[in-house]
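S.K.: Provided below: work03.cif, containing mmCIF, C-alpha atoms and all ligand atoms.
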data_data
#
loop_
_atom_site.label_atom_id
_atom_site.label_comp_id
_atom_site.auth_asym_id
_atom_site.auth_seq_id
_atom_site.Cartn_x
_atom_site.Cartn_y
_atom_site.Cartn_z
CA MET A 25 79.71 48.69 239.50
CA LEU A 26 76.81 47.01 237.72
CA VAL A 27 75.75 48.56 234.43
CA MET A 28 71.98 48.99 234.42
CA ASP A 29 69.82 48.37 231.35
CA ALA A 30 67.05 50.54 232.82
CA ASP A 31 65.76 51.98 236.08
CA VAL A 32 62.64 49.82 235.96
CA ALA A 33 61.71 46.65 234.11
CA ILE A 34 58.06 45.79 233.54
CA VAL A 35 57.42 42.11 232.99
CA GLY A 36 54.21 41.60 230.97
CA ILE A 37 52.97 44.44 228.76
CA GLY A 38 49.28 43.62 228.80
CA THR A 39 46.65 45.72 230.57
CA MET A 40 48.43 46.81 233.73
CA GLY A 41 51.94 46.67 232.24
CA SER A 42 51.03 49.04 229.39
CA MET A 43 49.44 51.56 231.76
CA ALA A 44 52.38 51.34 234.18
CA ALA A 45 54.81 51.82 231.25
CA TRP A 46 52.90 54.97 230.23
CA GLN A 47 52.81 56.38 233.76
CA LEU A 48 56.41 55.45 234.65
CA SER A 49 57.74 56.93 231.39
CA LYS A 50 55.97 60.20 232.21
CA THR A 51 58.10 60.51 235.35
CA GLY A 52 61.25 60.60 233.23
CA ILE A 53 62.87 57.39 234.49
CA SER A 54 64.08 54.75 232.05
CA VAL A 55 61.76 51.80 231.43
CA ILE A 56 62.31 48.48 229.71
CA GLY A 57 59.28 46.27 229.09
CA PHE A 58 59.06 42.57 228.21
CA GLU A 59 56.01 41.05 226.52
CA GLN A 60 55.84 37.40 225.47
CA PHE A 61 53.36 38.18 222.63
CA GLY A 62 52.76 41.29 220.51
CA ILE A 63 51.17 44.44 221.94
CA GLY A 64 47.36 44.52 222.16
CA ASN A 65 47.17 40.86 221.19
CA ASP A 66 44.05 38.74 221.65
CA ARG A 67 45.49 36.16 224.06
CA THR A 68 45.67 38.24 227.22
CA ALA A 69 43.03 39.58 229.60
CA ALA A 70 42.65 42.67 227.38
CA GLY A 71 41.12 40.71 224.48
CA GLY A 72 37.50 40.63 223.33
CA GLU A 73 36.66 44.08 221.97
CA SER A 74 35.13 45.80 225.00
CA ARG A 75 35.26 46.07 228.78
CA LEU A 76 32.63 47.48 231.12
CA PHE A 77 33.43 50.71 232.92
CA ARG A 78 31.36 51.29 236.06
CA THR A 79 31.72 53.69 239.00
CA ALA A 80 28.84 52.48 241.23
CA TYR A 81 30.73 49.46 242.46
CA MET A 82 29.25 46.30 243.91
CA GLU A 83 32.77 44.94 244.47
CA GLY A 84 33.31 47.55 247.22
CA LYS A 85 32.87 51.27 247.82
CA GLU A 86 36.62 51.63 248.42
CA TYR A 87 37.07 51.43 244.62
CA VAL A 88 34.97 54.51 243.83
CA PRO A 89 37.73 57.16 244.26
CA LEU A 90 40.09 54.96 242.20
CA LEU A 91 37.47 54.69 239.44
CA PHE A 92 36.96 58.45 239.21
CA GLU A 93 40.72 58.94 239.00
CA ALA A 94 40.80 56.20 236.33
CA LYS A 95 38.10 58.03 234.37
CA LYS A 96 40.24 61.19 234.39
CA LEU A 97 43.26 59.22 233.19
CA TRP A 98 41.24 57.50 230.42
CA ARG A 99 40.37 60.96 229.13
CA GLU A 100 44.06 61.96 229.31
CA LEU A 101 45.08 58.90 227.32
CA GLU A 102 42.38 59.70 224.76
CA ILE A 103 43.80 63.21 224.32
CA GLU A 104 47.41 62.01 224.18
CA SER A 105 46.60 59.29 221.65
CA SER A 106 43.85 61.12 219.70
CA ARG A 107 41.65 58.03 220.05
CA GLU A 108 38.25 57.45 221.62
CA LEU A 109 38.72 54.77 224.27
CA LEU A 110 35.85 55.23 226.73
CA THR A 111 32.18 55.66 225.78
CA LEU A 112 29.86 56.58 228.63
CA ASN A 113 26.42 55.33 227.65
CA GLY A 114 25.33 54.44 231.20
CA GLY A 115 25.37 51.17 233.07
CA LEU A 116 22.51 49.11 234.50
CA THR A 117 22.88 46.71 237.39
CA ILE A 118 19.83 44.51 237.67
CA GLY A 119 19.00 42.34 240.64
CA ASN A 120 17.13 41.81 243.85
CA PRO A 121 17.67 44.78 246.22
CA ASP A 122 17.93 42.42 249.20
CA THR A 123 21.05 40.69 247.85
CA ASP A 124 24.55 41.53 249.08
CA VAL A 125 25.71 42.70 245.64
CA ILE A 126 22.91 45.25 245.18
CA GLN A 127 23.28 46.40 248.79
CA SER A 128 27.01 46.88 248.23
CA LEU A 129 26.35 48.76 244.98
CA LEU A 130 23.88 51.09 246.74
CA ARG A 131 26.37 51.74 249.56
CA SER A 132 28.93 52.93 247.00
CA ILE A 133 26.30 55.21 245.43
CA TYR A 134 25.09 56.75 248.69
CA GLU A 135 28.52 57.20 250.25
CA PHE A 136 29.90 59.04 247.22
CA ASP A 137 26.64 60.64 246.08
CA LEU A 138 27.03 59.10 242.63
CA GLU A 139 24.78 60.15 239.75
CA HIS A 140 22.21 57.38 239.45
CA GLU A 141 18.56 56.39 239.01
CA ILE A 142 16.71 53.51 240.62
CA LEU A 143 13.99 52.05 238.41
CA GLN A 144 11.43 49.38 239.11
CA GLY A 145 8.20 47.92 237.75
CA ASN A 146 6.62 49.49 234.67
CA GLU A 147 8.89 52.51 234.76
CA ALA A 148 11.94 50.23 234.41
CA THR A 149 10.54 48.05 231.64
CA GLU A 150 9.24 51.02 229.66
CA ARG A 151 12.60 52.72 229.85
CA PHE A 152 14.69 49.61 229.10
CA PRO A 153 12.33 47.13 227.41
CA GLN A 154 15.30 45.03 226.22
CA HIS A 155 15.50 43.47 229.72
CA ARG A 156 12.87 41.12 231.14
CA LEU A 157 12.47 42.22 234.74
CA PHE A 158 11.13 39.97 237.50
CA SER A 159 8.86 41.44 240.16
CA GLU A 160 11.46 41.27 242.93
CA GLU A 161 14.14 43.04 240.87
CA ILE A 162 15.22 46.65 240.42
CA MET A 163 17.43 48.40 237.87
CA VAL A 164 20.13 50.76 239.09
CA LEU A 165 21.40 53.12 236.41
CA ASP A 166 24.96 54.37 236.93
CA LYS A 167 25.31 57.55 234.87
CA ASN A 168 29.12 57.35 234.89
CA ALA A 169 29.32 53.93 233.27
CA GLY A 170 29.91 52.65 229.76
CA PHE A 171 32.51 50.70 227.88
CA LEU A 172 36.18 50.74 226.98
CA ARG A 173 38.04 49.54 223.90
CA PRO A 174 40.68 47.37 225.57
CA GLU A 175 43.06 46.40 222.74
CA LEU A 176 43.21 49.98 221.49
CA ALA A 177 43.79 51.21 225.05
CA VAL A 178 46.81 48.92 225.51
CA VAL A 179 48.22 49.88 222.11
CA SER A 180 47.73 53.59 222.91
CA ALA A 181 49.44 53.39 226.32
CA VAL A 182 52.43 51.55 224.83
CA GLU A 183 52.68 54.01 221.96
CA ARG A 184 52.76 56.87 224.47
CA ALA A 185 55.34 55.10 226.65
CA GLU A 186 57.59 54.48 223.64
CA SER A 187 57.31 58.05 222.51
CA LEU A 188 58.54 59.04 225.98
CA GLY A 189 61.55 56.73 225.66
CA ALA A 190 60.40 53.32 226.99
CA ASP A 191 62.08 50.31 225.39
CA ILE A 192 59.31 47.71 224.92
CA LYS A 193 60.54 44.29 223.82
CA ARG A 194 57.89 42.25 221.99
CA TYR A 195 57.85 38.45 221.66
CA THR A 196 60.25 38.30 224.59
CA THR A 197 59.43 35.88 227.39
CA VAL A 198 60.85 36.45 230.85
CA GLN A 199 62.17 33.15 232.18
CA GLY A 200 63.45 34.25 235.57
CA ILE A 201 63.55 37.22 237.97
CA TYR A 202 66.39 37.36 240.52
CA PRO A 203 66.01 40.22 243.01
CA GLY A 204 68.95 41.50 245.05
CA LYS A 205 69.80 44.38 247.38
CA ASN A 206 71.37 46.43 244.57
CA GLY A 207 68.98 45.67 241.77
CA VAL A 208 67.27 42.88 239.93
CA SER A 209 68.54 40.57 237.28
CA ILE A 210 66.09 39.34 234.65
CA VAL A 211 66.52 36.57 232.12
CA ALA A 212 64.39 36.97 228.97
CA ASN A 213 64.74 34.97 225.75
CA ASP A 214 67.95 33.55 227.31
CA LYS A 215 69.54 37.01 227.69
CA GLU A 216 70.29 38.69 231.01
CA PHE A 217 69.19 42.24 231.86
CA GLN A 218 70.06 44.30 234.93
CA VAL A 219 67.64 46.87 236.36
CA ARG A 220 67.17 48.75 239.63
CA LYS A 221 63.56 47.66 240.19
CA VAL A 222 61.09 45.29 238.61
CA LEU A 223 57.32 45.47 238.27
CA ILE A 224 55.60 42.15 237.58
CA THR A 225 52.32 42.49 235.63
CA THR A 226 51.96 39.03 234.17
CA GLY A 227 48.24 38.47 234.80
CA ALA A 228 47.15 34.84 234.65
CA TRP A 229 50.77 33.71 234.12
CA THR A 230 52.03 35.26 237.38
CA TRP A 231 52.44 32.09 239.44
CA LYS A 232 54.74 30.68 236.76
CA LEU A 233 57.31 33.34 237.63
CA LEU A 234 56.35 33.40 241.31
CA PRO A 235 55.51 29.75 242.11
CA ARG A 236 55.07 30.55 245.81
CA LEU A 237 51.88 32.45 244.84
CA ARG A 238 50.40 29.51 242.94
CA ASN A 239 47.54 29.12 245.43
CA GLN A 240 46.97 32.86 245.81
CA LEU A 241 46.77 33.79 242.11
CA ILE A 242 44.59 31.32 240.25
CA ALA A 243 44.28 31.55 236.46
CA ARG A 244 40.63 31.31 235.46
CA ARG A 245 38.97 30.87 232.07
CA LEU A 246 36.22 33.26 230.92
CA VAL A 247 34.11 32.82 227.79
CA LEU A 248 32.77 35.87 225.95
CA THR A 249 29.75 35.46 223.67
CA TRP A 250 28.02 37.73 221.16
CA PHE A 251 24.35 37.68 220.13
CA ALA A 252 22.42 39.16 217.21
CA PRO A 253 19.39 41.36 218.00
CA ARG A 254 15.99 40.78 216.42
CA ASN A 255 15.67 44.57 216.04
CA ILE A 256 19.05 46.27 215.74
CA GLU A 257 17.67 49.72 216.63
CA GLU A 258 16.82 48.64 220.20
CA PHE A 259 20.38 47.65 220.99
CA LYS A 260 22.39 50.64 219.75
CA PRO A 261 24.70 52.09 222.42
CA ASP A 262 22.50 55.20 222.88
CA LYS A 263 19.46 53.06 223.80
CA PHE A 264 21.10 50.10 225.49
CA PRO A 265 23.47 50.82 228.41
CA VAL A 266 26.06 48.26 229.45
CA PHE A 267 24.66 45.94 232.10
CA ALA A 268 25.45 43.43 234.83
CA ARG A 269 22.73 41.09 235.96
CA MET A 270 22.88 38.65 238.82
CA ARG A 271 20.53 35.74 239.20
CA LYS A 272 21.08 32.33 240.72
CA GLY A 273 23.58 30.38 238.63
CA TYR A 274 24.88 33.20 236.48
CA ARG A 275 26.24 36.67 236.33
CA LEU A 276 25.40 38.03 232.91
CA THR A 277 27.30 41.10 231.77
CA GLY A 278 26.74 42.85 228.48
CA VAL A 279 27.90 45.58 226.15
CA PRO A 280 26.48 46.76 222.81
CA THR A 281 28.94 46.57 219.95
CA LEU A 282 30.13 49.92 218.64
CA ASP A 283 28.35 49.67 215.31
CA GLY A 284 25.20 48.58 217.17
CA THR A 285 24.74 45.37 215.19
CA MET A 286 25.42 42.92 218.02
CA VAL A 287 25.41 42.58 221.80
CA LYS A 288 28.17 40.94 223.77
CA ALA A 289 26.45 39.11 226.65
CA SER A 290 28.53 36.68 228.68
CA ASN A 291 28.17 34.57 231.77
CA THR A 292 31.14 35.30 234.03
CA LYS A 293 29.92 33.41 237.10
CA ASN A 294 32.30 30.80 238.55
CA PRO A 295 34.94 30.76 235.81
CA SER A 296 36.85 27.46 235.72
CA THR A 297 40.47 27.05 236.85
CA VAL A 298 43.22 26.87 234.24
CA SER A 299 45.99 24.62 235.53
CA GLU A 300 48.53 25.65 232.86
CA PRO A 301 48.05 29.16 231.38
CA ASP A 302 50.15 28.27 228.31
CA ASN A 303 47.63 25.55 227.45
CA LEU A 304 44.36 27.49 227.82
CA ASN A 305 41.55 25.63 226.09
CA ARG A 306 40.19 28.22 223.68
CA ASP A 307 37.52 25.91 222.26
CA VAL A 308 34.03 26.56 223.53
CA ARG A 309 31.84 23.54 224.29
CA ASN A 310 28.24 23.35 223.05
CA GLU A 311 27.04 23.14 226.67
CA GLU A 312 28.72 26.46 227.45
CA LEU A 313 27.01 28.10 224.47
CA GLN A 314 23.65 26.58 225.35
CA GLU A 315 23.91 27.68 228.98
CA VAL A 316 24.53 31.34 228.17
CA GLY A 317 21.96 31.15 225.34
CA GLU A 318 19.32 30.01 227.82
CA ALA A 319 20.10 32.92 230.14
CA VAL A 320 19.88 35.34 227.22
CA GLU A 321 16.58 33.85 226.03
CA ARG A 322 15.15 34.25 229.52
CA LEU A 323 16.45 37.74 230.28
CA LEU A 324 16.93 39.49 226.91
CA PRO A 325 14.11 38.29 224.64
CA GLY A 326 15.10 40.77 221.91
CA LEU A 327 18.29 38.83 221.21
CA LEU A 328 18.45 35.62 219.19
CA PRO A 329 19.59 33.06 221.76
CA ASN A 330 22.32 31.25 219.77
CA PRO A 331 25.68 32.99 220.14
CA VAL A 332 27.06 34.16 216.81
CA ARG A 333 30.59 34.47 218.13
CA ALA A 334 32.52 33.22 221.16
CA SER A 335 36.05 33.62 222.44
CA VAL A 336 38.02 32.60 225.50
CA TYR A 337 40.33 34.58 227.80
CA MET A 338 41.94 34.31 231.22
CA ASP A 339 42.44 36.48 234.27
CA ALA A 340 44.23 35.91 237.58
CA TYR A 341 41.85 35.57 240.55
CA THR A 342 42.57 35.98 244.25
CA GLU A 343 40.48 34.37 246.96
CA ASP A 344 38.83 37.66 248.04
CA GLU A 345 38.71 38.92 244.42
CA HIS A 346 40.72 42.03 245.30
CA SER A 347 43.99 42.39 243.44
CA ILE A 348 47.54 42.47 244.79
CA VAL A 349 49.26 45.83 244.34
CA GLY A 350 52.55 46.71 246.00
CA SER A 351 56.04 45.58 246.90
CA LEU A 352 56.52 41.88 247.43
CA PRO A 353 57.36 40.67 250.91
CA GLY A 354 60.81 39.09 250.99
CA MET A 355 61.77 40.18 247.47
CA ASP A 356 63.89 43.35 247.33
CA ASN A 357 63.10 45.92 244.66
CA THR A 358 60.19 43.84 243.36
CA PHE A 359 56.61 45.05 242.89
CA LEU A 360 53.59 43.01 241.87
CA ILE A 361 50.31 44.02 240.27
CA SER A 362 48.07 41.06 239.60
CA GLY A 363 44.91 39.21 240.58
CA PHE A 364 42.30 41.58 239.16
CA SER A 365 39.72 38.79 239.35
CA GLY A 366 37.70 39.69 236.26
CA HIS A 367 37.16 43.37 237.06
CA GLY A 368 40.47 45.20 236.63
CA PHE A 369 40.40 46.75 233.20
CA LYS A 370 38.37 49.83 234.04
CA MET A 371 40.84 50.86 236.77
CA SER A 372 44.05 50.01 234.90
CA PRO A 373 45.31 53.59 234.30
CA VAL A 374 45.04 54.50 237.98
CA ILE A 375 46.73 51.23 238.94
CA GLY A 376 49.51 52.13 236.50
CA LYS A 377 49.80 55.51 238.17
CA ILE A 378 49.87 53.95 241.65
CA ALA A 379 52.64 51.60 240.50
CA ALA A 380 54.63 54.57 239.23
CA GLU A 381 54.19 56.38 242.56
CA LEU A 382 55.16 53.35 244.63
CA ILE A 383 58.25 52.71 242.52
CA THR A 384 59.48 56.29 242.25
CA GLU A 385 58.31 57.80 245.56
CA GLY A 386 57.87 54.77 247.80
CA GLU A 387 54.24 55.65 248.54
CA THR A 388 50.93 56.50 246.90
CA LYS A 389 48.30 59.07 247.82
CA HIS A 390 45.54 56.62 246.89
CA SER A 391 43.89 54.33 249.45
CA ILE A 392 44.77 50.80 248.47
CA GLU A 393 44.80 48.98 251.81
CA HIS A 394 42.39 46.39 250.40
CA LEU A 395 44.97 45.52 247.73
CA ASP A 396 47.90 45.06 250.12
CA PRO A 397 50.21 42.14 249.18
CA TYR A 398 50.93 41.57 252.87
CA ARG A 399 47.53 39.93 253.32
CA TYR A 400 49.16 37.01 251.49
CA ALA A 401 52.52 37.44 253.22
CA LYS A 402 52.42 33.98 254.76
CA ALA A 403 52.82 32.56 251.25
C1 LIG B 501 36.81 37.78 229.46
C2 LIG B 501 37.09 38.88 230.42
C3 LIG B 501 36.15 39.89 230.61
C4 LIG B 501 36.43 40.93 231.49
N1 LIG B 501 35.55 41.96 231.62
C5 LIG B 501 35.91 43.06 232.33
C6 LIG B 501 35.10 44.22 232.30
O1 LIG B 501 34.05 44.25 231.65
N2 LIG B 501 35.52 45.31 233.00
C7 LIG B 501 36.67 45.31 233.72
O2 LIG B 501 37.01 46.32 234.32
N3 LIG B 501 37.47 44.21 233.74
C8 LIG B 501 37.11 43.12 233.06
N4 LIG B 501 37.92 42.02 233.04
C9 LIG B 501 39.13 42.02 233.84
C10 LIG B 501 40.30 42.71 233.19
O3 LIG B 501 40.27 42.60 231.79
C11 LIG B 501 41.56 42.13 233.79
O4 LIG B 501 41.46 42.19 235.21
C12 LIG B 501 42.81 42.87 233.36
O5 LIG B 501 42.84 42.98 231.96
C13 LIG B 501 44.04 42.10 233.88
O6 LIG B 501 45.19 42.77 233.45
P1 LIG B 501 46.64 42.16 233.69
O7 LIG B 501 47.60 43.17 233.25
O8 LIG B 501 46.72 41.62 235.07
O9 LIG B 501 46.71 40.87 232.72
P2 LIG B 501 46.95 40.83 231.14
O10 LIG B 501 46.26 41.94 230.46
O11 LIG B 501 46.64 39.44 230.71
O12 LIG B 501 48.50 41.10 231.02
C14 LIG B 501 49.48 40.16 231.38
C15 LIG B 501 50.58 40.23 230.35
O13 LIG B 501 51.74 39.57 230.78
C16 LIG B 501 52.31 38.87 229.67
N5 LIG B 501 53.18 37.85 230.21
C17 LIG B 501 52.85 36.84 231.05
N6 LIG B 501 53.93 36.11 231.38
C18 LIG B 501 54.99 36.67 230.75
C19 LIG B 501 56.38 36.39 230.71
N7 LIG B 501 56.91 35.37 231.41
N8 LIG B 501 57.17 37.17 229.94
C20 LIG B 501 56.67 38.22 229.24
N9 LIG B 501 55.35 38.51 229.23
C21 LIG B 501 54.52 37.78 229.99
C22 LIG B 501 51.08 38.36 228.94
O14 LIG B 501 51.37 37.96 227.63
C23 LIG B 501 50.17 39.56 229.03
O15 LIG B 501 50.36 40.46 227.97
C24 LIG B 501 37.65 40.94 232.20
C25 LIG B 501 38.58 39.91 232.02
C26 LIG B 501 38.31 38.90 231.14
C27 LIG B 501 39.33 37.81 230.94
#
Would you write the structure of this file as structure tokens?

M.R.:
Amino acid sequence: MLVMDADVAIVGIGTMGSMAAWQLSKTGISVIGFEQFGIGNDRTAAGGESRLFRTAYMEGKEYVPLLFEAKKLWRELEIESSRELLTLNGGLTIGNPDTDVIQSLLRSIYEFDLEHEILQGNEATERFPQHRLFSEEIMVLDKNAGFLRPELAVVSAVERAESLGADIKRYTTVQGIYPGKNGVSIVANDKEFQVRKVLITTGAWTWKLLPRLRNQLIARRLVLTWFAPRNIEEFKPDKFPVFARMRKGYRLTGVPTLDGTMVKASNTKNPSTVSEPDNLNRDVRNEELQEVGEAVERLLPGLLPNPVRASVYMDAYTEDEHSIVGSLPGMDNTFLISGFSGHGFKMSPVIGKIAAELITEGETKHSIEHLDPYRYAKA
């Protein structure tokens, strides 16, 4: 009989892996985790100080119940770790009401009766003078929105998992995963481990372990940029909600910094493809800085338009920008959670919980049909 190193191995202890480790450890089963870097490091999709949390969801109304469950779990993690991770200071989506994204956002609001306000014209600009509003645009204020502290969240989830018995191996790269009927063998840092089931949460690196998904999970490069306000008071978190703004050519998202001295405002439209995730270009070109600076100058005149800080990260993108969550077709005892396409952080605790349910009970009570791996089964 094979001797098992753990019931479940988690490959990649970044955003989703840390939350899955926390949730799986709560069920009492044994967990071993492998992370190629340290925990809460700045090279993964959890880097860059803050992440937007929104519940009115332009990406699809099917996410709303998941986001409310995620909110509950963020509060649980805050209590368990004695740390503040989620600040709800509201969230503005700004755009033309005739566009698909604003229509989709409004559908999520009306279907779930979400707390919101719709502002336009003078009322909007008097309330949020930081934004220059064009005549055809509206502001939609999501009252259950704000920002998360991503590195601290990952560190907190891992700390909790370890205190519940998880064995998290840092600076340990998984080189191969070999599923079988009776378990899965994993090679990491040239050593072999035997487990009953494996959960793969390797983000932008996923296709390197699962080359058959190379065309389904594309690593993309996102640049974050920070700007200094002319008047700091106007951009403190209590006056300046997080925002997402769509206009032709860019999708500007922004978050005030916690101490209120800076605003992170970044263009996340059409992120470029990274052909080799281990060689991500972390240098930012002048043209990239100028482009986002021009958008900021046009839309947020209270910010000085030259970025004072910039950093580069990656995420895995799917074609439909919905992630892949579930057991992998043709690979026994193997589960995959990847492809969050630039919007997964806010929901990570509920995704961790869903992973734990799928692995321990074989099913989840949450509706995740839109995340079904079988839509890519042909690969
Ligand atoms: C710049 C940027 C801004 C974003 N903004 C938002 C936002 O405002 N709101 C929001 O909700 N979402 C946002 N997202 C999306 C969100 O952050 C990601 O969807 C989410 O963090 C992805 O989590 P993940 O676990 O799939 O990947 P990661 O967090 O990158 O985790 C993958 C982990 O696997 C490890 N790994 C990979 N290969 C191996 C291996 N072979 N062996 C061992 N370890 C391995 C990596 O080191 C890493 O730790 C943003 C993403 C980016 C990049």

S.K.: Could you name the residues that touch region 251-254 of chain A at 6 Å or less, counting only C-alpha atoms, but leaving out those on the same chain fewer than 5 positions away, as a list in words?

M.R.: Met286, Val287, Gly326, Leu327, Leu328, Pro331 and Val332 of chain A

S.K.: Give me a file of those residues, with C-alpha atoms, as a PDB file, in the coordinates of the input.

M.R.:
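So out17.pdb came out as:
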ATOM      1  CA  MET A 286      25.420  42.920 218.020  1.00  0.00           C
ATOM      2  CA  VAL A 287      25.410  42.580 221.800  1.00  0.00           C
ATOM      3  CA  GLY A 326      15.100  40.770 221.910  1.00  0.00           C
ATOM      4  CA  LEU A 327      18.290  38.830 221.210  1.00  0.00           C
ATOM      5  CA  LEU A 328      18.450  35.620 219.190  1.00  0.00           C
ATOM      6  CA  PRO A 331      25.680  32.990 220.140  1.00  0.00           C
ATOM      7  CA  VAL A 332      27.060  34.160 216.810  1.00  0.00           C
TER       8      VAL A 332
END

S.K.: With distances taken over all atoms listed in the file, which of A:Gly72, A:Gly38, A:Gly84, A:Pro397 is nearest to Ser347 (chain A)?

M.R.: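 Among the listed residues, A:Pro397 lies closest to Ser347 (chain A).
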
S.K.: Do you know which residues are within 6 Å of ligand LIG 501 (chain B) using all atoms listed in the file? Can you write them as a PyMOL selection string?

M.R.: chain A and resi 35-41+58-61+68-70+75-77+196-199+225-227+229+246-248+337-339+362+364-370

S.K.: Would you list the contacts of Glu300 (chain A) as a PyMOL selection string, taking every protein, DNA or RNA residue within 12 Å and counting only C-alpha atoms, but skipping same-chain residues closer than 5 positions in sequence?

M.R.: chain A and resi 228-232+238+242-245+305+338

S.K.: For Gly170 (chain A), which residue out of A:Arg309, A:Lys377, A:Arg399, A:Lys95 is the nearest one, using only C-alpha atoms?

M.R.: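 Of the candidates, the smallest distance to Gly170 (chain A) is held by A:Lys95.
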